[in-house]
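Source file upload04.txt; content: compact mmCIF, N, CA and C atoms.
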# COMPACT_ATOMS: atom_id res chain seq x y z
N PRO A 1 67.88 -78.33 56.63
CA PRO A 1 66.54 -78.82 56.30
C PRO A 1 65.74 -77.83 55.45
N LEU A 2 65.91 -76.52 55.69
CA LEU A 2 65.16 -75.52 54.92
C LEU A 2 65.52 -75.59 53.44
N VAL A 3 66.78 -75.81 53.15
CA VAL A 3 67.22 -75.93 51.76
C VAL A 3 66.52 -77.11 51.08
N GLN A 4 66.40 -78.22 51.79
CA GLN A 4 65.72 -79.39 51.25
C GLN A 4 64.23 -79.15 51.07
N ILE A 5 63.61 -78.54 52.07
CA ILE A 5 62.16 -78.27 52.00
C ILE A 5 61.83 -77.36 50.81
N LEU A 6 62.65 -76.34 50.59
CA LEU A 6 62.39 -75.39 49.51
C LEU A 6 62.88 -75.88 48.15
N GLY A 7 63.68 -76.95 48.14
CA GLY A 7 64.19 -77.49 46.87
C GLY A 7 65.30 -76.64 46.27
N ILE A 8 66.05 -75.96 47.14
CA ILE A 8 67.16 -75.13 46.67
C ILE A 8 68.35 -76.04 46.37
N HIS A 9 69.00 -75.80 45.24
CA HIS A 9 70.20 -76.54 44.87
C HIS A 9 71.40 -75.67 45.23
N PRO A 10 72.12 -75.99 46.31
CA PRO A 10 73.23 -75.14 46.76
C PRO A 10 74.27 -74.85 45.68
N SER A 11 74.47 -75.79 44.77
CA SER A 11 75.47 -75.56 43.71
C SER A 11 75.01 -74.50 42.72
N ASN A 12 73.72 -74.21 42.69
CA ASN A 12 73.19 -73.18 41.78
C ASN A 12 73.08 -71.81 42.44
N LEU A 13 73.35 -71.71 43.74
CA LEU A 13 73.26 -70.42 44.42
C LEU A 13 74.39 -69.52 43.94
N ILE A 14 74.02 -68.33 43.51
CA ILE A 14 75.04 -67.39 43.02
C ILE A 14 75.16 -66.17 43.93
N TYR A 15 74.21 -65.99 44.83
CA TYR A 15 74.24 -64.81 45.68
C TYR A 15 73.32 -65.02 46.87
N TRP A 16 73.73 -64.53 48.04
CA TRP A 16 72.86 -64.47 49.20
C TRP A 16 73.35 -63.37 50.11
N THR A 17 72.42 -62.76 50.81
CA THR A 17 72.77 -61.66 51.68
C THR A 17 71.68 -61.41 52.71
N THR A 18 72.08 -60.81 53.81
CA THR A 18 71.10 -60.30 54.77
C THR A 18 70.89 -58.83 54.47
N GLU A 19 69.75 -58.31 54.86
CA GLU A 19 69.45 -56.88 54.69
C GLU A 19 69.65 -56.39 53.26
N PHE A 20 69.01 -57.04 52.31
CA PHE A 20 69.10 -56.68 50.89
C PHE A 20 68.37 -55.37 50.63
N PRO A 21 69.05 -54.34 50.12
CA PRO A 21 68.38 -53.06 49.86
C PRO A 21 67.50 -53.13 48.61
N TRP A 22 66.33 -52.51 48.69
CA TRP A 22 65.44 -52.52 47.53
C TRP A 22 64.74 -51.16 47.45
N GLY A 23 64.36 -50.81 46.24
CA GLY A 23 63.50 -49.65 46.01
C GLY A 23 64.09 -48.33 46.43
N TYR A 24 63.31 -47.31 46.26
CA TYR A 24 63.75 -45.95 46.50
C TYR A 24 63.62 -45.53 47.97
N THR A 25 62.95 -46.35 48.78
CA THR A 25 62.72 -45.97 50.17
C THR A 25 63.90 -46.29 51.07
N GLY A 26 64.83 -47.07 50.57
CA GLY A 26 65.97 -47.47 51.38
C GLY A 26 65.65 -48.57 52.36
N ASP A 27 64.51 -49.20 52.20
CA ASP A 27 64.14 -50.30 53.08
C ASP A 27 64.91 -51.56 52.67
N THR A 28 64.84 -52.60 53.49
CA THR A 28 65.59 -53.81 53.19
C THR A 28 64.74 -55.05 53.41
N SER A 29 65.06 -56.09 52.65
CA SER A 29 64.51 -57.42 52.89
C SER A 29 65.42 -58.10 53.89
N ASP A 30 64.88 -59.00 54.71
CA ASP A 30 65.67 -59.62 55.76
C ASP A 30 66.76 -60.55 55.21
N PHE A 31 66.42 -61.36 54.23
CA PHE A 31 67.40 -62.28 53.64
C PHE A 31 66.97 -62.58 52.22
N VAL A 32 67.93 -62.63 51.32
CA VAL A 32 67.66 -62.95 49.92
C VAL A 32 68.70 -63.97 49.46
N ALA A 33 68.24 -65.01 48.78
CA ALA A 33 69.11 -66.00 48.15
C ALA A 33 68.70 -66.10 46.69
N ILE A 34 69.69 -66.17 45.79
CA ILE A 34 69.40 -66.21 44.36
C ILE A 34 70.01 -67.46 43.76
N GLU A 35 69.18 -68.19 43.05
CA GLU A 35 69.59 -69.43 42.40
C GLU A 35 69.51 -69.22 40.88
N LEU A 36 70.56 -69.59 40.17
CA LEU A 36 70.60 -69.47 38.71
C LEU A 36 70.49 -70.85 38.09
N GLU A 37 69.47 -71.04 37.24
CA GLU A 37 69.30 -72.29 36.51
C GLU A 37 69.53 -72.02 35.03
N ARG A 38 70.47 -72.74 34.47
CA ARG A 38 70.77 -72.60 33.04
C ARG A 38 69.87 -73.54 32.24
N THR A 39 69.19 -72.98 31.24
CA THR A 39 68.35 -73.79 30.36
C THR A 39 68.77 -73.52 28.92
N ASP A 40 68.26 -74.32 28.01
CA ASP A 40 68.59 -74.15 26.59
C ASP A 40 68.06 -72.83 26.03
N SER A 41 66.92 -72.38 26.54
CA SER A 41 66.31 -71.15 26.03
C SER A 41 66.81 -69.88 26.71
N GLY A 42 67.61 -70.02 27.75
CA GLY A 42 68.12 -68.87 28.49
C GLY A 42 68.15 -69.17 29.97
N ASN A 43 68.72 -68.29 30.73
CA ASN A 43 68.86 -68.51 32.17
C ASN A 43 67.62 -68.07 32.94
N GLU A 44 67.33 -68.81 34.00
CA GLU A 44 66.22 -68.48 34.87
C GLU A 44 66.75 -68.23 36.27
N LEU A 45 66.22 -67.19 36.91
CA LEU A 45 66.60 -66.87 38.28
C LEU A 45 65.44 -67.22 39.21
N LYS A 46 65.78 -67.80 40.35
CA LYS A 46 64.82 -67.96 41.43
C LYS A 46 65.34 -67.11 42.57
N ILE A 47 64.51 -66.19 43.01
CA ILE A 47 64.88 -65.31 44.12
C ILE A 47 64.05 -65.72 45.33
N TYR A 48 64.72 -66.23 46.34
CA TYR A 48 64.06 -66.59 47.59
C TYR A 48 64.11 -65.37 48.50
N LEU A 49 62.94 -64.83 48.79
CA LEU A 49 62.81 -63.58 49.53
C LEU A 49 62.26 -63.88 50.92
N PHE A 50 63.12 -63.80 51.93
CA PHE A 50 62.75 -64.16 53.29
C PHE A 50 62.37 -62.91 54.09
N GLU A 51 61.32 -63.06 54.87
CA GLU A 51 60.92 -62.03 55.82
C GLU A 51 60.74 -62.72 57.17
N PHE A 52 61.52 -62.29 58.16
CA PHE A 52 61.49 -62.89 59.49
C PHE A 52 60.69 -62.01 60.44
N LYS A 53 59.82 -62.62 61.21
CA LYS A 53 59.02 -61.91 62.20
C LYS A 53 59.24 -62.55 63.56
N LYS A 54 59.51 -61.72 64.57
CA LYS A 54 59.71 -62.24 65.93
C LYS A 54 58.42 -62.80 66.49
N ASP A 55 57.30 -62.22 66.07
CA ASP A 55 56.02 -62.66 66.61
C ASP A 55 55.17 -63.24 65.48
N SER A 56 54.11 -62.58 65.14
CA SER A 56 53.11 -63.13 64.24
C SER A 56 53.35 -62.78 62.78
N ILE A 57 52.94 -63.70 61.93
CA ILE A 57 52.84 -63.42 60.51
C ILE A 57 51.39 -63.02 60.27
N ASP A 58 51.19 -61.75 59.96
CA ASP A 58 49.83 -61.24 59.78
C ASP A 58 49.71 -60.57 58.41
N ARG A 59 48.59 -59.87 58.19
CA ARG A 59 48.36 -59.21 56.90
C ARG A 59 49.44 -58.20 56.56
N HIS A 60 49.94 -57.50 57.57
CA HIS A 60 50.97 -56.49 57.33
C HIS A 60 52.27 -57.13 56.87
N ALA A 61 52.65 -58.23 57.48
CA ALA A 61 53.87 -58.94 57.08
C ALA A 61 53.72 -59.48 55.66
N LEU A 62 52.55 -60.01 55.34
CA LEU A 62 52.29 -60.53 54.00
C LEU A 62 52.36 -59.41 52.97
N ALA A 63 51.73 -58.28 53.26
CA ALA A 63 51.75 -57.14 52.33
C ALA A 63 53.18 -56.64 52.14
N GLU A 64 53.94 -56.62 53.21
CA GLU A 64 55.32 -56.15 53.15
C GLU A 64 56.15 -56.99 52.18
N VAL A 65 56.09 -58.31 52.32
CA VAL A 65 56.90 -59.18 51.47
C VAL A 65 56.40 -59.15 50.02
N LEU A 66 55.11 -59.01 49.81
CA LEU A 66 54.60 -58.94 48.44
C LEU A 66 54.96 -57.62 47.77
N LEU A 67 55.09 -56.54 48.56
CA LEU A 67 55.56 -55.28 48.00
C LEU A 67 57.05 -55.33 47.64
N TYR A 68 57.83 -56.06 48.44
CA TYR A 68 59.26 -56.19 48.17
C TYR A 68 59.53 -56.91 46.84
N ALA A 69 58.69 -57.90 46.53
CA ALA A 69 58.99 -58.84 45.45
C ALA A 69 59.36 -58.18 44.11
N PRO A 70 58.53 -57.32 43.54
CA PRO A 70 58.90 -56.74 42.25
C PRO A 70 60.13 -55.83 42.33
N TRP A 71 60.30 -55.15 43.47
CA TRP A 71 61.46 -54.26 43.60
C TRP A 71 62.76 -55.05 43.67
N VAL A 72 62.76 -56.12 44.44
CA VAL A 72 63.96 -56.96 44.54
C VAL A 72 64.27 -57.57 43.17
N ALA A 73 63.26 -58.05 42.48
CA ALA A 73 63.47 -58.63 41.14
C ALA A 73 64.05 -57.59 40.18
N ARG A 74 63.56 -56.38 40.25
CA ARG A 74 64.06 -55.31 39.38
C ARG A 74 65.54 -55.00 39.67
N VAL A 75 65.90 -54.91 40.94
CA VAL A 75 67.29 -54.64 41.32
C VAL A 75 68.20 -55.76 40.82
N VAL A 76 67.79 -57.00 41.01
CA VAL A 76 68.60 -58.15 40.58
C VAL A 76 68.70 -58.19 39.06
N PHE A 77 67.61 -57.96 38.36
CA PHE A 77 67.62 -58.00 36.90
C PHE A 77 68.57 -56.96 36.32
N HIS A 78 68.56 -55.76 36.86
CA HIS A 78 69.48 -54.73 36.36
C HIS A 78 70.93 -55.08 36.65
N ALA A 79 71.18 -55.72 37.78
CA ALA A 79 72.55 -56.10 38.14
C ALA A 79 73.07 -57.24 37.28
N MET A 80 72.18 -58.03 36.69
CA MET A 80 72.59 -59.20 35.93
C MET A 80 72.22 -59.09 34.46
N ALA A 81 72.34 -57.91 33.92
CA ALA A 81 71.91 -57.65 32.55
C ALA A 81 72.69 -58.47 31.51
N ASN A 82 73.89 -58.89 31.83
CA ASN A 82 74.70 -59.61 30.85
C ASN A 82 74.59 -61.13 30.97
N ARG A 83 73.65 -61.64 31.71
CA ARG A 83 73.56 -63.09 31.95
C ARG A 83 72.48 -63.79 31.14
N ASN A 84 71.89 -63.13 30.17
CA ASN A 84 70.85 -63.73 29.32
C ASN A 84 69.70 -64.30 30.16
N ILE A 85 69.16 -63.49 31.04
CA ILE A 85 68.06 -63.90 31.91
C ILE A 85 66.76 -63.85 31.12
N LYS A 86 66.03 -64.95 31.11
CA LYS A 86 64.75 -65.01 30.39
C LYS A 86 63.55 -65.00 31.33
N LYS A 87 63.76 -65.46 32.57
CA LYS A 87 62.63 -65.54 33.50
C LYS A 87 63.16 -65.35 34.92
N ILE A 88 62.37 -64.64 35.73
CA ILE A 88 62.66 -64.48 37.14
C ILE A 88 61.45 -64.95 37.94
N LYS A 89 61.70 -65.82 38.89
CA LYS A 89 60.63 -66.29 39.77
C LYS A 89 61.00 -65.88 41.19
N VAL A 90 60.10 -65.16 41.86
CA VAL A 90 60.31 -64.76 43.25
C VAL A 90 59.46 -65.66 44.14
N ILE A 91 60.12 -66.26 45.13
CA ILE A 91 59.43 -67.10 46.09
C ILE A 91 59.46 -66.39 47.44
N PRO A 92 58.34 -65.75 47.86
CA PRO A 92 58.28 -65.08 49.16
C PRO A 92 58.14 -66.12 50.27
N ILE A 93 58.97 -65.97 51.32
CA ILE A 93 58.95 -66.90 52.45
C ILE A 93 58.86 -66.08 53.73
N LEU A 94 57.83 -66.34 54.51
CA LEU A 94 57.65 -65.65 55.79
C LEU A 94 57.86 -66.65 56.91
N ILE A 95 58.70 -66.27 57.88
CA ILE A 95 58.99 -67.13 59.02
C ILE A 95 58.68 -66.34 60.29
N GLY A 96 57.80 -66.90 61.12
CA GLY A 96 57.41 -66.22 62.33
C GLY A 96 56.99 -67.18 63.41
N PHE A 97 56.72 -66.64 64.58
CA PHE A 97 56.34 -67.46 65.73
C PHE A 97 54.95 -68.05 65.58
N ARG A 98 54.05 -67.29 64.97
CA ARG A 98 52.65 -67.73 64.84
C ARG A 98 52.08 -67.17 63.54
N VAL A 99 51.32 -67.99 62.82
CA VAL A 99 50.64 -67.53 61.61
C VAL A 99 49.25 -67.06 62.00
N ARG A 100 48.96 -65.80 61.68
CA ARG A 100 47.65 -65.23 61.99
C ARG A 100 46.92 -64.83 60.71
N LEU A 101 47.07 -65.63 59.69
CA LEU A 101 46.39 -65.38 58.42
C LEU A 101 45.33 -66.46 58.22
N ARG A 102 44.18 -66.05 57.76
CA ARG A 102 43.14 -67.03 57.46
C ARG A 102 43.33 -67.61 56.07
N ALA A 103 43.97 -66.84 55.20
CA ALA A 103 44.20 -67.30 53.83
C ALA A 103 45.42 -66.59 53.28
N VAL A 104 46.05 -67.21 52.31
CA VAL A 104 47.19 -66.61 51.61
C VAL A 104 46.77 -66.49 50.15
N PRO A 105 46.93 -65.31 49.56
CA PRO A 105 46.50 -65.16 48.17
C PRO A 105 47.31 -66.02 47.23
N TRP A 106 46.63 -66.59 46.28
CA TRP A 106 47.32 -67.31 45.23
C TRP A 106 47.74 -66.26 44.23
N TYR A 107 49.00 -65.93 44.22
CA TYR A 107 49.49 -64.73 43.57
C TYR A 107 50.61 -65.09 42.62
N THR A 108 50.27 -65.60 41.47
CA THR A 108 51.31 -65.72 40.45
C THR A 108 50.97 -64.67 39.42
N SER A 109 51.80 -63.69 39.32
CA SER A 109 51.51 -62.54 38.48
C SER A 109 52.60 -62.38 37.43
N PRO A 110 52.28 -62.65 36.17
CA PRO A 110 53.30 -62.42 35.14
C PRO A 110 53.45 -60.93 34.86
N ILE A 111 54.63 -60.42 35.10
CA ILE A 111 54.95 -59.02 34.88
C ILE A 111 56.18 -58.99 33.99
N GLN A 112 56.27 -58.02 33.10
CA GLN A 112 57.48 -57.89 32.30
C GLN A 112 58.33 -56.75 32.81
N LEU A 113 59.60 -57.05 33.04
CA LEU A 113 60.57 -56.04 33.44
C LEU A 113 61.44 -55.70 32.24
N HIS A 114 61.90 -54.46 32.18
CA HIS A 114 62.80 -54.02 31.11
C HIS A 114 64.01 -53.37 31.76
N ASN A 115 65.20 -53.64 31.19
CA ASN A 115 66.37 -52.95 31.72
C ASN A 115 66.87 -51.92 30.71
N LEU A 116 67.93 -51.22 31.04
CA LEU A 116 68.43 -50.14 30.19
C LEU A 116 69.02 -50.64 28.87
N CYS A 117 69.34 -51.94 28.81
CA CYS A 117 69.90 -52.51 27.57
C CYS A 117 68.80 -52.97 26.62
N GLY A 118 67.54 -52.77 26.99
CA GLY A 118 66.43 -53.17 26.14
C GLY A 118 66.01 -54.62 26.33
N GLN A 119 66.59 -55.32 27.29
CA GLN A 119 66.20 -56.70 27.55
C GLN A 119 64.88 -56.71 28.29
N ARG A 120 64.12 -57.76 28.03
CA ARG A 120 62.83 -57.96 28.69
C ARG A 120 62.86 -59.30 29.41
N VAL A 121 62.20 -59.38 30.53
CA VAL A 121 62.15 -60.64 31.25
C VAL A 121 60.77 -60.78 31.90
N ASP A 122 60.29 -62.01 31.97
CA ASP A 122 59.03 -62.29 32.64
C ASP A 122 59.28 -62.52 34.11
N LEU A 123 58.50 -61.86 34.95
CA LEU A 123 58.61 -62.00 36.40
C LEU A 123 57.37 -62.72 36.90
N GLU A 124 57.61 -63.74 37.71
CA GLU A 124 56.51 -64.47 38.33
C GLU A 124 56.71 -64.44 39.83
N VAL A 125 55.72 -63.95 40.56
CA VAL A 125 55.76 -63.95 42.01
C VAL A 125 54.93 -65.14 42.47
N ASP A 126 55.58 -66.05 43.17
CA ASP A 126 54.94 -67.30 43.56
C ASP A 126 54.06 -67.10 44.80
N VAL A 127 53.30 -68.12 45.12
CA VAL A 127 52.47 -68.12 46.32
C VAL A 127 53.39 -68.07 47.54
N PRO A 128 53.15 -67.17 48.50
CA PRO A 128 54.01 -67.10 49.68
C PRO A 128 54.01 -68.41 50.48
N ILE A 129 55.19 -68.74 51.00
CA ILE A 129 55.36 -69.92 51.85
C ILE A 129 55.50 -69.43 53.29
N LEU A 130 54.78 -70.08 54.22
CA LEU A 130 54.77 -69.67 55.61
C LEU A 130 55.37 -70.76 56.48
N PHE A 131 56.24 -70.35 57.41
CA PHE A 131 56.82 -71.28 58.38
C PHE A 131 56.66 -70.70 59.77
N GLU A 132 56.30 -71.57 60.72
CA GLU A 132 56.28 -71.17 62.12
C GLU A 132 57.52 -71.78 62.80
N TYR A 133 58.09 -71.04 63.74
CA TYR A 133 59.20 -71.57 64.50
C TYR A 133 58.82 -71.65 65.97
N ARG A 134 59.47 -72.53 66.66
CA ARG A 134 59.28 -72.66 68.10
C ARG A 134 60.65 -72.55 68.77
N PRO A 135 60.89 -71.46 69.51
CA PRO A 135 62.20 -71.31 70.17
C PRO A 135 62.35 -72.32 71.32
Is it possible to give me this structure as structure tokens?
Amino acid sequence: PLVQILGIHPSNLIYWTTEFPWGYTGDTSDFVAIELERTDSGNELKIYLFEFKKDSIDRHALAEVLLYAPWVARVVFHAMANRNIKKIKVIPILIGFRVRLRAVPWYTSPIQLHNLCGQRVDLEVDVPILFEYRP
């Protein structure tokens, strides 16, 4: 059901992993799935960035996933330098027992990433998606 809710096309998934390493701190994202969409103007990546919380989704959890987003995109972009990537969209997803946020920032931020081959790509971080679970 989660795949349907998020609109993920399983045939386009090229990578998924738990505990994805990012940045210089050696920290990890809980789960990452990457979808590759081929277009006439170049390839687009959608990075689904999951953060799981046993209890509440609060400001700290939101800040954590938003800090991960550009680092994960940078790691993926460098790893896929030969795939003619033109755009990367990161979709942050927080799943927890209870949502304790009064508001979620509308955060689409166009950032340009550069790799060692001189390629440039536009990065868009989407509005975080929140899910509550009931055990």
Self-check item: Atom-to-atom span, atom CA of Pro105 of chain A and atom C of Arg74 of chain A, Å
Solution: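 Interatomic distance, atom CA of Pro105 of chain A to atom C of Arg74 of chain A: 23.2 Å.
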Quiz item: Which parts of chain A does DSSP call strand (DSSP E) when run on the backbone here, written out as a ChimeraX atom specification?
Solution: /A:13-21,28-39,42-52,56-57,85-96,98-99,111-114,120-125,129-132
Exercise. Based on DSSP run over this structure's backbone, return all residues of chain A in helix (DSSP H, G or I), as a list in words.
Key: Leu2, Val3, Gln4, Ile5, Leu6, Pro10, Ser11, Asn12, Arg59, His60, Ala61, Leu62, Ala63, Glu64, Val65, Leu66, Leu67, Tyr68, Ala69, Pro70, Trp71, Val72, Ala73, Arg74, Val75, Val76, Phe77, His78 and Ala79 of chain A
Please save N, CA and C atoms of the selected residues as a PDB file, in the coordinates of the input.
ATOM      1  N   LEU A   2      65.910 -76.520  55.690  1.00  0.00           N
ATOM      2  CA  LEU A   2      65.160 -75.520  54.920  1.00  0.00           C
ATOM      3  C   LEU A   2      65.520 -75.590  53.440  1.00  0.00           C
ATOM      4  N   VAL A   3      66.780 -75.810  53.150  1.00  0.00           N
ATOM      5  CA  VAL A   3      67.220 -75.930  51.760  1.00  0.00           C
ATOM      6  C   VAL A   3      66.520 -77.110  51.080  1.00  0.00           C
ATOM      7  N   GLN A   4      66.400 -78.220  51.790  1.00  0.00           N
ATOM      8  CA  GLN A   4      65.720 -79.390  51.250  1.00  0.00           C
ATOM      9  C   GLN A   4      64.230 -79.150  51.070  1.00  0.00           C
ATOM     10  N   ILE A   5      63.610 -78.540  52.070  1.00  0.00           N
ATOM     11  CA  ILE A   5      62.160 -78.270  52.000  1.00  0.00           C
ATOM     12  C   ILE A   5      61.830 -77.360  50.810  1.00  0.00           C
ATOM     13  N   LEU A   6      62.650 -76.340  50.590  1.00  0.00           N
ATOM     14  CA  LEU A   6      62.390 -75.390  49.510  1.00  0.00           C
ATOM     15  C   LEU A   6      62.880 -75.880  48.150  1.00  0.00           C
ATOM     16  N   PRO A  10      72.120 -75.990  46.310  1.00  0.00           N
ATOM     17  CA  PRO A  10      73.230 -75.140  46.760  1.00  0.00           C
ATOM     18  C   PRO A  10      74.270 -74.850  45.680  1.00  0.00           C
ATOM     19  N   SER A  11      74.470 -75.790  44.770  1.00  0.00           N
ATOM     20  CA  SER A  11      75.470 -75.560  43.710  1.00  0.00           C
ATOM     21  C   SER A  11      75.010 -74.500  42.720  1.00  0.00           C
ATOM     22  N   ASN A  12      73.720 -74.210  42.690  1.00  0.00           N
ATOM     23  CA  ASN A  12      73.190 -73.180  41.780  1.00  0.00           C
ATOM     24  C   ASN A  12      73.080 -71.810  42.440  1.00  0.00           C
ATOM     25  N   ARG A  59      48.590 -59.870  58.190  1.00  0.00           N
ATOM     26  CA  ARG A  59      48.360 -59.210  56.900  1.00  0.00           C
ATOM     27  C   ARG A  59      49.440 -58.200  56.560  1.00  0.00           C
ATOM     28  N   HIS A  60      49.940 -57.500  57.570  1.00  0.00           N
ATOM     29  CA  HIS A  60      50.970 -56.490  57.330  1.00  0.00           C
ATOM     30  C   HIS A  60      52.270 -57.130  56.870  1.00  0.00           C
ATOM     31  N   ALA A  61      52.650 -58.230  57.480  1.00  0.00           N
ATOM     32  CA  ALA A  61      53.870 -58.940  57.080  1.00  0.00           C
ATOM     33  C   ALA A  61      53.720 -59.480  55.660  1.00  0.00           C
ATOM     34  N   LEU A  62      52.550 -60.010  55.340  1.00  0.00           N
ATOM     35  CA  LEU A  62      52.290 -60.530  54.000  1.00  0.00           C
ATOM     36  C   LEU A  62      52.360 -59.410  52.970  1.00  0.00           C
ATOM     37  N   ALA A  63      51.730 -58.280  53.260  1.00  0.00           N
ATOM     38  CA  ALA A  63      51.750 -57.140  52.330  1.00  0.00           C
ATOM     39  C   ALA A  63      53.180 -56.640  52.140  1.00  0.00           C
ATOM     40  N   GLU A  64      53.940 -56.620  53.210  1.00  0.00           N
ATOM     41  CA  GLU A  64      55.320 -56.150  53.150  1.00  0.00           C
ATOM     42  C   GLU A  64      56.150 -56.990  52.180  1.00  0.00           C
ATOM     43  N   VAL A  65      56.090 -58.310  52.320  1.00  0.00           N
ATOM     44  CA  VAL A  65      56.900 -59.180  51.470  1.00  0.00           C
ATOM     45  C   VAL A  65      56.400 -59.150  50.020  1.00  0.00           C
ATOM     46  N   LEU A  66      55.110 -59.010  49.810  1.00  0.00           N
ATOM     47  CA  LEU A  66      54.600 -58.940  48.440  1.00  0.00           C
ATOM     48  C   LEU A  66      54.960 -57.620  47.770  1.00  0.00           C
ATOM     49  N   LEU A  67      55.090 -56.540  48.560  1.00  0.00           N
ATOM     50  CA  LEU A  67      55.560 -55.280  48.000  1.00  0.00           C
ATOM     51  C   LEU A  67      57.050 -55.330  47.640  1.00  0.00           C
ATOM     52  N   TYR A  68      57.830 -56.060  48.440  1.00  0.00           N
ATOM     53  CA  TYR A  68      59.260 -56.190  48.170  1.00  0.00           C
ATOM     54  C   TYR A  68      59.530 -56.910  46.840  1.00  0.00           C
ATOM     55  N   ALA A  69      58.690 -57.900  46.530  1.00  0.00           N
ATOM     56  CA  ALA A  69      58.990 -58.840  45.450  1.00  0.00           C
ATOM     57  C   ALA A  69      59.360 -58.180  44.110  1.00  0.00           C
ATOM     58  N   PRO A  70      58.530 -57.320  43.540  1.00  0.00           N
ATOM     59  CA  PRO A  70      58.900 -56.740  42.250  1.00  0.00           C
ATOM     60  C   PRO A  70      60.130 -55.830  42.330  1.00  0.00           C
ATOM     61  N   TRP A  71      60.300 -55.150  43.470  1.00  0.00           N
ATOM     62  CA  TRP A  71      61.460 -54.260  43.600  1.00  0.00           C
ATOM     63  C   TRP A  71      62.760 -55.050  43.670  1.00  0.00           C
ATOM     64  N   VAL A  72      62.760 -56.120  44.440  1.00  0.00           N
ATOM     65  CA  VAL A  72      63.960 -56.960  44.540  1.00  0.00           C
ATOM     66  C   VAL A  72      64.270 -57.570  43.170  1.00  0.00           C
ATOM     67  N   ALA A  73      63.260 -58.050  42.480  1.00  0.00           N
ATOM     68  CA  ALA A  73      63.470 -58.630  41.140  1.00  0.00           C
ATOM     69  C   ALA A  73      64.050 -57.590  40.180  1.00  0.00           C
ATOM     70  N   ARG A  74      63.560 -56.380  40.250  1.00  0.00           N
ATOM     71  CA  ARG A  74      64.060 -55.310  39.380  1.00  0.00           C
ATOM     72  C   ARG A  74      65.540 -55.000  39.670  1.00  0.00           C
ATOM     73  N   VAL A  75      65.900 -54.910  40.940  1.00  0.00           N
ATOM     74  CA  VAL A  75      67.290 -54.640  41.320  1.00  0.00           C
ATOM     75  C   VAL A  75      68.200 -55.760  40.820  1.00  0.00           C
ATOM     76  N   VAL A  76      67.790 -57.000  41.010  1.00  0.00           N
ATOM     77  CA  VAL A  76      68.600 -58.150  40.580  1.00  0.00           C
ATOM     78  C   VAL A  76      68.700 -58.190  39.060  1.00  0.00           C
ATOM     79  N   PHE A  77      67.610 -57.960  38.360  1.00  0.00           N
ATOM     80  CA  PHE A  77      67.620 -58.000  36.900  1.00  0.00           C
ATOM     81  C   PHE A  77      68.570 -56.960  36.320  1.00  0.00           C
ATOM     82  N   HIS A  78      68.560 -55.760  36.860  1.00  0.00           N
ATOM     83  CA  HIS A  78      69.480 -54.730  36.360  1.00  0.00           C
ATOM     84  C   HIS A  78      70.930 -55.080  36.650  1.00  0.00           C
ATOM     85  N   ALA A  79      71.180 -55.720  37.780  1.00  0.00           N
ATOM     86  CA  ALA A  79      72.550 -56.100  38.140  1.00  0.00           C
ATOM     87  C   ALA A  79      73.070 -57.240  37.280  1.00  0.00           C
TER      88      ALA A  79
END
Exercise. Measure the distance from atom N of Asp126 of chain A to atom C of Val99 of chain A in Å and round it to one decimal.
Key: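 One can read the atom N of Asp126 of chain A to atom C of Val99 of chain A distance as 19.9 Å.
Across the model, the gap from atom CA of Phe131 of chain A to atom CA of Val76 of chain A is 25.1 Å.
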Self-check item: Residue nearest Asn84 of chain A - candidates A:Gln4, A:Thr28, A:Ser41, A:Ser56, atoms counted: all atoms listed in the file
Solution: A:Ser41
